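Q: Sharing a structure here in C-alpha cells format.
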Amino acid sequence: MDYFERKLDDKRRLTIPVELRSEFASGVVLTRGFGRYLHLYPKAVWDGQVEPALDGDILDERVADLNVRFRRGKTGSELDQKQGRVTVEQHLLDYAGISGGIIAVRAGAYWRILAPDADV
C-alpha cells in the first residue's frame with residue numbers, strides 16, 4: 001500500500017490502515033515536511049536514517065537548516081495498538097493546512113501527509 005485517505009477524528013487522531021500498522025510498531029514520528037505538508041516516519045526509520053542525516057558539522061548551515069526544519073514541532077508517540085491511531089498536534093495540522101481529511105502518500109521509507117486540496 002502506497003496511498004491512503006482518512007479523516008481525523010474529533011481528537012485529531014489519524015487511524016493507520018491495518019495493512020501498515022506493523023510498519024509503525026517501533027513508534028511514530030511526525031514532523032514538518034519540506035513544503036506545506038507533514039512527514040510521518042516509523043520511529044525505526046527516524047532513528048536509523050533521519051537522525052544520522054541530521055548529525056553533521058556544527059558549523060554547516062545546511063545541516064543546521066535541516067535540523068530546524070525537521071525538529072521544529074516534531075512529535076513522537078506510540079501507535080495506539082487497539083485502534084491503530086496516532087494523535088496529530090494542532091500546530092502541525094495548522095502548518096500543513098489540514099482541517100479534517102488527509103491524504104497519505106508513501107515517499108520511500110516515510111509518508112507525506114497532505115490536505116486533500118494541497119498542491120504538491
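Every chain in the C-alpha cells takes a letter, A first, then B, and so on in the order presented; its residues are numbered from 1, and the ligands are numbered from 1 following the presented order.
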Please identify every residue of range 7-48 of chain A that has at least one atom no farther than 6 Å from an atom of range 83-90 of chain A, counting only C-alpha atoms, and for each give the shortest atom pair and the distance in Å to one decimal, arranged by chain then increasing number, as a tab-separated table.
A:
```
residue	atom	partner	partner_atom	distance
A:Arg12	CA	A:Thr87	CA	5.6
A:Arg13	CA	A:Thr87	CA	4.1
A:Leu14	CA	A:Arg85	CA	5.3
A:Thr15	CA	A:Arg85	CA	4.2
A:Ile16	CA	A:Gly84	CA	5.5
```
Q: When you look at range 2-6 of chain A with a cut-off of 7 Å (counting only C-alpha atoms), what residues show up, excluding the ones that are within fewer than 4 positions of it in the same chain? I need them as a PDB file with N, CA and C atoms, in the first residue's frame.
A:
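Below you can see result03.pdb, which holds the result:
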```pdb
ATOM      1  N   GLY A 101      -9.666  16.064   6.719  1.00  0.00           N
ATOM      2  CA  GLY A 101      -9.241  14.912   5.944  1.00  0.00           C
ATOM      3  C   GLY A 101      -7.773  14.998   5.592  1.00  0.00           C
ATOM      4  N   ILE A 102      -7.176  13.864   5.345  1.00  0.00           N
ATOM      5  CA  ILE A 102      -5.768  13.815   4.923  1.00  0.00           C
ATOM      6  C   ILE A 102      -5.619  12.862   3.749  1.00  0.00           C
ATOM      7  N   ILE A 103      -4.558  13.083   3.021  1.00  0.00           N
ATOM      8  CA  ILE A 103      -4.079  12.154   2.003  1.00  0.00           C
ATOM      9  C   ILE A 103      -2.672  11.761   2.439  1.00  0.00           C
ATOM     10  N   ALA A 104      -2.370  10.490   2.407  1.00  0.00           N
ATOM     11  CA  ALA A 104      -1.038   9.991   2.769  1.00  0.00           C
ATOM     12  C   ALA A 104      -0.454   9.262   1.570  1.00  0.00           C
ATOM     13  N   VAL A 105       0.759   9.647   1.199  1.00  0.00           N
ATOM     14  CA  VAL A 105       1.449   9.043   0.061  1.00  0.00           C
ATOM     15  C   VAL A 105       2.833   8.603   0.522  1.00  0.00           C
ATOM     16  N   ARG A 106       3.165   7.350   0.212  1.00  0.00           N
ATOM     17  CA  ARG A 106       4.499   6.846   0.575  1.00  0.00           C
ATOM     18  C   ARG A 106       5.548   7.588  -0.245  1.00  0.00           C
TER      19      ARG A 106
END
```
Q: With distances taken over only C-alpha atoms, which of A:Val50, A:Leu38, A:Leu79, A:Val68 is nearest to Leu114 in chain A?
A: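 Closest candidate: A:Leu38.
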Q: I want to know what sits within 8 Å of Gly100 in chain A, based on only C-alpha atoms, with residues of the same chain fewer than 4 positions away left out; could you give that as an NGL selection string?
A: :A and (7-9)
Q: Dump N, CA, C and O atoms for the selected residues as a compact mmCIF listing (two decimals), in the first residue's frame?
A:
```txt
# COMPACT_ATOMS: atom_id res chain seq x y z
N LYS A 7 -10.00 10.50 7.46
CA LYS A 7 -10.49 11.69 8.16
C LYS A 7 -9.98 11.60 9.59
O LYS A 7 -9.97 10.53 10.18
N LEU A 8 -9.51 12.73 10.12
CA LEU A 8 -9.11 12.77 11.52
C LEU A 8 -10.36 12.76 12.38
O LEU A 8 -11.38 13.33 12.00
N ASP A 9 -10.29 12.11 13.54
CA ASP A 9 -11.45 12.14 14.43
C ASP A 9 -11.46 13.46 15.21
O ASP A 9 -10.58 14.32 15.02
```
Q: DSSP on the backbone, helix (DSSP H, G or I) only: what residues of range 21-105 of chain A does that give? Format it as a PyMOL selection string.
A: chain A and resi 21-24+43-54+61-71+90-96
Q: Report the residues of chain A whose backbone DSSP state falls under strand (DSSP E), written as a PyMOL selection string.
A: chain A and resi 3-7+13-15+28-32+38-42+75-77+85-87+101-107+110-114
Q: Would you write out those residues with N, CA, C and O atoms, as a tab-separated table (two decimals), in the first residue's frame?
A:
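For reference, selection_36.tsv as written:
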```
chain	number	residue	atom	x	y	z
A	3	TYR	N	-0.66	4.49	-0.69
A	3	TYR	CA	-1.54	5.66	-0.63
A	3	TYR	C	-2.76	5.33	0.21
A	3	TYR	O	-3.29	4.22	0.13
A	4	PHE	N	-3.19	6.28	1.02
A	4	PHE	CA	-4.47	6.12	1.70
A	4	PHE	C	-5.04	7.49	2.04
A	4	PHE	O	-4.32	8.49	2.08
A	5	GLU	N	-6.35	7.53	2.21
A	5	GLU	CA	-7.06	8.73	2.63
A	5	GLU	C	-7.79	8.42	3.91
A	5	GLU	O	-8.31	7.32	4.10
A	6	ARG	N	-7.83	9.40	4.80
A	6	ARG	CA	-8.52	9.24	6.08
A	6	ARG	C	-9.08	10.58	6.52
A	6	ARG	O	-8.64	11.63	6.08
A	7	LYS	N	-10.00	10.50	7.46
A	7	LYS	CA	-10.49	11.69	8.16
A	7	LYS	C	-9.98	11.60	9.59
A	7	LYS	O	-9.97	10.53	10.18
A	13	ARG	N	-6.97	12.47	15.82
A	13	ARG	CA	-6.28	11.19	15.69
A	13	ARG	C	-6.41	10.67	14.26
A	13	ARG	O	-7.49	10.70	13.67
A	14	LEU	N	-5.30	10.20	13.76
A	14	LEU	CA	-5.22	9.59	12.43
A	14	LEU	C	-5.17	8.09	12.61
A	14	LEU	O	-4.31	7.57	13.34
A	15	THR	N	-6.07	7.37	11.95
A	15	THR	CA	-6.07	5.91	12.01
A	15	THR	C	-5.21	5.37	10.86
A	15	THR	O	-5.47	5.65	9.69
A	28	VAL	N	5.98	6.22	16.15
A	28	VAL	CA	5.64	7.16	15.08
A	28	VAL	C	6.33	8.49	15.37
A	28	VAL	O	6.35	8.95	16.50
A	29	VAL	N	6.90	9.10	14.33
A	29	VAL	CA	7.45	10.46	14.43
A	29	VAL	C	6.78	11.29	13.35
A	29	VAL	O	6.76	10.90	12.18
A	30	LEU	N	6.23	12.44	13.75
A	30	LEU	CA	5.61	13.40	12.83
A	30	LEU	C	6.42	14.68	12.84
A	30	LEU	O	6.78	15.18	13.92
A	31	THR	N	6.70	15.22	11.66
A	31	THR	CA	7.44	16.48	11.55
A	31	THR	C	6.86	17.31	10.41
A	31	THR	O	6.08	16.81	9.60
A	32	ARG	N	7.30	18.55	10.34
A	32	ARG	CA	7.02	19.37	9.18
A	32	ARG	C	7.80	18.79	8.00
A	32	ARG	O	8.88	18.22	8.19
A	38	LEU	N	3.24	17.35	5.95
A	38	LEU	CA	3.92	16.70	7.06
A	38	LEU	C	4.63	15.44	6.59
A	38	LEU	O	4.28	14.87	5.56
A	39	HIS	N	5.61	15.03	7.37
A	39	HIS	CA	6.26	13.73	7.18
A	39	HIS	C	5.86	12.84	8.34
A	39	HIS	O	5.91	13.26	9.49
A	40	LEU	N	5.50	11.62	8.02
A	40	LEU	CA	5.17	10.59	9.00
A	40	LEU	C	6.20	9.48	8.86
A	40	LEU	O	6.30	8.86	7.80
A	41	TYR	N	7.00	9.28	9.92
A	41	TYR	CA	8.07	8.29	9.90
A	41	TYR	C	7.80	7.17	10.89
A	41	TYR	O	7.40	7.45	12.03
A	42	PRO	N	8.08	5.94	10.51
A	42	PRO	CA	8.22	4.91	11.55
A	42	PRO	C	9.43	5.31	12.41
A	42	PRO	O	10.45	5.79	11.88
A	75	THR	N	6.98	15.58	16.82
A	75	THR	CA	6.35	14.82	17.88
A	75	THR	C	6.62	13.34	17.66
A	75	THR	O	6.77	12.88	16.54
A	76	GLY	N	6.68	12.63	18.75
A	76	GLY	CA	6.86	11.19	18.69
A	76	GLY	C	5.90	10.52	19.64
A	76	GLY	O	5.59	11.07	20.69
A	77	SER	N	5.41	9.37	19.26
A	77	SER	CA	4.49	8.64	20.13
A	77	SER	C	4.42	7.19	19.69
A	77	SER	O	4.96	6.81	18.65
A	85	ARG	N	-4.19	4.21	16.00
A	85	ARG	CA	-4.29	5.66	15.82
A	85	ARG	C	-3.07	6.37	16.39
A	85	ARG	O	-2.43	5.89	17.31
A	86	VAL	N	-2.82	7.56	15.83
A	86	VAL	CA	-1.79	8.45	16.34
A	86	VAL	C	-2.41	9.86	16.35
A	86	VAL	O	-3.13	10.24	15.43
A	87	THR	N	-2.14	10.60	17.43
A	87	THR	CA	-2.66	11.97	17.53
A	87	THR	C	-1.72	12.92	16.80
A	87	THR	O	-0.50	12.85	16.95
A	101	GLY	N	-9.67	16.06	6.72
A	101	GLY	CA	-9.24	14.91	5.94
A	101	GLY	C	-7.77	15.00	5.59
A	101	GLY	O	-7.19	16.08	5.58
A	102	ILE	N	-7.18	13.86	5.35
A	102	ILE	CA	-5.77	13.81	4.92
A	102	ILE	C	-5.62	12.86	3.75
A	102	ILE	O	-6.43	11.95	3.54
A	103	ILE	N	-4.56	13.08	3.02
A	103	ILE	CA	-4.08	12.15	2.00
A	103	ILE	C	-2.67	11.76	2.44
A	103	ILE	O	-1.88	12.63	2.83
A	104	ALA	N	-2.37	10.49	2.41
A	104	ALA	CA	-1.04	9.99	2.77
A	104	ALA	C	-0.45	9.26	1.57
A	104	ALA	O	-1.10	8.39	1.00
A	105	VAL	N	0.76	9.65	1.20
A	105	VAL	CA	1.45	9.04	0.06
A	105	VAL	C	2.83	8.60	0.52
A	105	VAL	O	3.57	9.38	1.14
A	106	ARG	N	3.16	7.35	0.21
A	106	ARG	CA	4.50	6.85	0.57
A	106	ARG	C	5.55	7.59	-0.25
A	106	ARG	O	5.41	7.78	-1.45
A	107	ALA	N	6.60	8.01	0.45
A	107	ALA	CA	7.74	8.66	-0.20
A	107	ALA	C	8.99	7.89	0.23
A	107	ALA	O	9.77	8.34	1.06
A	110	TYR	N	9.22	6.83	4.26
A	110	TYR	CA	8.32	7.59	5.11
A	110	TYR	C	7.07	7.96	4.31
A	110	TYR	O	6.94	7.61	3.14
A	111	TRP	N	6.15	8.68	4.96
A	111	TRP	CA	4.88	9.06	4.33
A	111	TRP	C	4.74	10.58	4.31
A	111	TRP	O	5.09	11.25	5.28
A	112	ARG	N	4.23	11.10	3.22
A	112	ARG	CA	3.90	12.52	3.13
A	112	ARG	C	2.41	12.65	3.43
A	112	ARG	O	1.58	11.97	2.81
A	113	ILE	N	2.07	13.51	4.38
A	113	ILE	CA	0.69	13.73	4.82
A	113	ILE	C	0.27	15.11	4.34
A	113	ILE	O	0.91	16.12	4.69
A	114	LEU	N	-0.80	15.17	3.56
A	114	LEU	CA	-1.26	16.42	2.97
A	114	LEU	C	-2.74	16.64	3.15
A	114	LEU	O	-3.50	15.68	3.31
```
